[in-house]
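**Student:** Structure below; questions to follow.
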Amino acid sequence: MRTLGLLIIIIAGIHGEPPDNRWLNEFDDKLLFTCPTLNTIGLISSQHHSYYEDRLWDFKCKATFSELPTCAWTNYVNNMDEEFAFTCPFGSIITGVEAYHSNYYEDRRWKFYCCRVANTCNKDCFWTDYLNLFDGYFSWKVPDSTHLVGVSSYHNNYREDRRWKYQYCTQQKC
């Protein structure tokens with residue numbers, strides 16, 4: 001019986017996919033992600049590592065638009081080590097992110113890709129609480145029938161990490 005248990009563990013180890021294969025970036029490297037056309041970000045996951053003082057990121061998309069949206073990248077919305085609160089303008093929705101890491105500051109600067117269709121407005125908007133503790137993992141699914149429109153974060157120099165919260169809204173014709 002012990003041999004069978006060991007065999008199962010070995011097989012699971014060989015065929016199991018390491019959890020870090022899912023991440024879109026490497027520690028200390030650039031992050032660039034955009035959803036396919038007609039989609040927006042629907043799931044965010046992130047894991048911090050204290051050795052690198054950086055986060056790995058993963059995003060999943062969900063179908064959103066029924067027609068081609070108009071999209072634009074923001075400028076960087078934060079400086080290193082500074083708090084920021086960002087909301088896509090003009091009723092648009094976050095469909096992509098870009099960030100680079102500085103080893104000097106052990107932080108990232110962020111840009112967002114915002115998309116919208118004409119005559120659509122955001123309504124019934126809410127902010128999450130902070131979703132992570134410093135140095136920890138988090139995963140958050142954008143609630144059904146809502147869309148990710150904003151991001152807020154602050155950096156702690158002792159922990160060399162950020163805490164994250166997100167703004168989400170429903171959409172209506174306007």
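As shown in the structure tokens, the chain order sets the letters A, B, ...; within each chain, residues go from 1, and ligands are also counted from 1 in the order they appear.
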Contacts of segment 147-158 of chain A at 7 Å or less, counting only C-alpha atoms, minus same-chain residues fewer than 4 places along, as a ChimeraX atom specification?
**Tutor:** /A:41,81-88,92-94,142,162-170
**Student:** Got time to write the residues from that selection, C-alpha atoms, as a CSV table (one decimal), in the first residue's frame?
**Tutor:**
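Full text of again_39.csv as output:
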```
chain,number,residue,atom,x,y,z
A,41,ILE,CA,-10.4,41.7,-17.8
A,81,ASP,CA,6.5,54.1,-4.2
A,82,GLU,CA,3.4,56.3,-4.5
A,83,GLU,CA,-0.2,55.6,-4.0
A,84,PHE,CA,-2.6,55.8,-6.9
A,85,ALA,CA,-6.3,55.6,-7.7
A,86,PHE,CA,-7.2,55.3,-11.4
A,87,THR,CA,-10.5,55.0,-13.2
A,88,CYS,CA,-10.8,54.6,-17.0
A,92,SER,CA,-14.5,52.8,-20.6
A,93,ILE,CA,-13.5,49.4,-19.2
A,94,ILE,CA,-10.0,48.0,-18.4
A,142,VAL,CA,-15.0,40.6,-11.4
A,162,ARG,CA,1.5,46.9,-2.7
A,163,ARG,CA,-2.0,46.3,-1.6
A,164,TRP,CA,-4.7,46.3,-4.3
A,165,LYS,CA,-8.4,47.2,-4.6
A,166,TYR,CA,-10.5,47.4,-7.7
A,167,GLN,CA,-13.5,49.4,-9.0
A,168,TYR,CA,-16.3,47.7,-10.9
A,169,CYS,CA,-19.5,48.9,-12.5
A,170,THR,CA,-22.5,47.8,-14.6
```
**Student:** Extract the full set of strand (DSSP E or B) residues from segment 88-172 of chain A according to DSSP on the backbone, and format it as a PyMOL selection string.
**Tutor:** chain A and resi 93-102+107-116+120-127+137-141+147-156+161-172
**Student:** Would you mind listing what lies within 8 Å of segment 101-105 of chain A as an NGL selection string, with only C-alpha atoms counted and same-chain residues fewer than 2 positions away left out?
**Tutor:** :A and (28-30 or 54 or 80-81 or 99 or 107-109)
**Student:** Can I get the selected residues back with C-alpha atoms, as a compact mmCIF listing (two decimals), in the first residue's frame?
**Tutor:**
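In the end it all went to selection.txt:
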```txt
# COMPACT_ATOMS: atom_id res chain seq x y z
CA ASP A 28 11.61 41.90 -12.22
CA ASP A 29 10.51 41.80 -15.89
CA LYS A 30 7.99 43.82 -17.86
CA ASP A 54 7.97 41.72 -6.93
CA MET A 80 7.44 54.54 -7.90
CA ASP A 81 6.53 54.07 -4.21
CA ALA A 99 3.96 47.60 -15.97
CA ASP A 107 8.03 48.72 -7.26
CA ARG A 108 6.20 48.96 -10.58
CA ARG A 109 4.76 51.77 -12.68
```
**Student:** Could you pull out the residues in chain A that DSSP calls alpha helix (DSSP H) from the backbone, as a list of chain:residue names?
**Tutor:**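 Put together, the selection reads A:Arg2, A:Thr3, A:Leu4, A:Gly5, A:Leu6, A:Leu7, A:Ile8, A:Ile9, A:Ile10, A:Ile11, A:Ala12, A:Gly13, A:Ile14, A:His15.
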**Student:** When distances are computed from only C-alpha atoms, which of A:Asn122, A:Thr70, A:Thr37, A:Asn132 shows the smallest separation from Asp161 of chain A?
**Tutor:**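 Among A:Asn122, A:Thr70, A:Thr37, A:Asn132, it is A:Asn132 that comes nearest to Asp161 of chain A.
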**Student:** Write out as a list in words each polymer residue whose atoms come within 10 Å of Thr74 of chain A, counting only C-alpha atoms; drop sequence neighbours fewer than 3 positions from it.
**Tutor:**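 What passes the distance filter is Cys71, Val77, Cys88, Pro89, Val97, Glu98, Trp110, Lys111, Phe112, Tyr113 and Cys114 of chain A.
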**Student:** Kindly give the distance, in Å, that separates atom CA of Cys61 of chain A and atom CA of Gly136 of chain A, rounded to a single decimal.
**Tutor:**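 Taking atom CA of Cys61 of chain A as the start and atom CA of Gly136 of chain A as the end point, the length is 22.8 Å.
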**Student:** Quick one: which segment 101-143 of chain A residues come within 8 Å of segment 43-46 of chain A, and what is the nearest atom pair for each with the distance in Å to one decimal, counting only C-alpha atoms, rows ordered by chain and ascending number, as a tab-separated table?
**Tutor:**
```
residue	atom	partner	partner_atom	distance
A:Tyr137	CA	A:Ser46	CA	5.6
A:Phe138	CA	A:Ser46	CA	5.5
A:Ser139	CA	A:Ser45	CA	4.1
A:Trp140	CA	A:Ile44	CA	5.3
A:Lys141	CA	A:Leu43	CA	4.4
A:Val142	CA	A:Leu43	CA	6.0
```
**Student:** Output C-alpha atoms for every residue in the selection just made, as a short mmCIF file (atom, residue, chain, number, x, y, z; two decimals), in the first residue's frame.
**Tutor:**
```
data_model
loop_
_atom_site.label_atom_id
_atom_site.label_comp_id
_atom_site.auth_asym_id
_atom_site.auth_seq_id
_atom_site.Cartn_x
_atom_site.Cartn_y
_atom_site.Cartn_z
CA TYR A 137 -1.41 35.85 -2.89
CA PHE A 138 -4.78 37.07 -4.12
CA SER A 139 -7.26 36.17 -6.81
CA TRP A 140 -10.38 38.20 -7.59
CA LYS A 141 -13.14 37.59 -10.11
CA VAL A 142 -15.00 40.62 -11.43
#
```
**Student:** I'd like the neighbourhood of Phe33 of chain A as a list of chain:residue names, where a residue qualifies if any of its atoms comes within 9 Å (using only C-alpha atoms), though same-chain residues fewer than 5 positions away should be ignored.
**Tutor:** A:Leu24, A:Asp58, A:Phe59, A:Thr95, A:Gly96, A:Val97, A:Glu98
**Student:** What lies within 9 Å of Ala63 of chain A using only C-alpha atoms, ignoring chain neighbours under 3 positions off, as a PyMOL selection string?
**Tutor:** chain A and resi 37-42+66
**Student:** Suppose you want the space between atom CA of Arg55 of chain A and atom CA of Asp144 of chain A; what is it in Å?
**Tutor:**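 Atom-to-atom, atom CA of Arg55 of chain A to atom CA of Asp144 of chain A, that is 26.2 Å.
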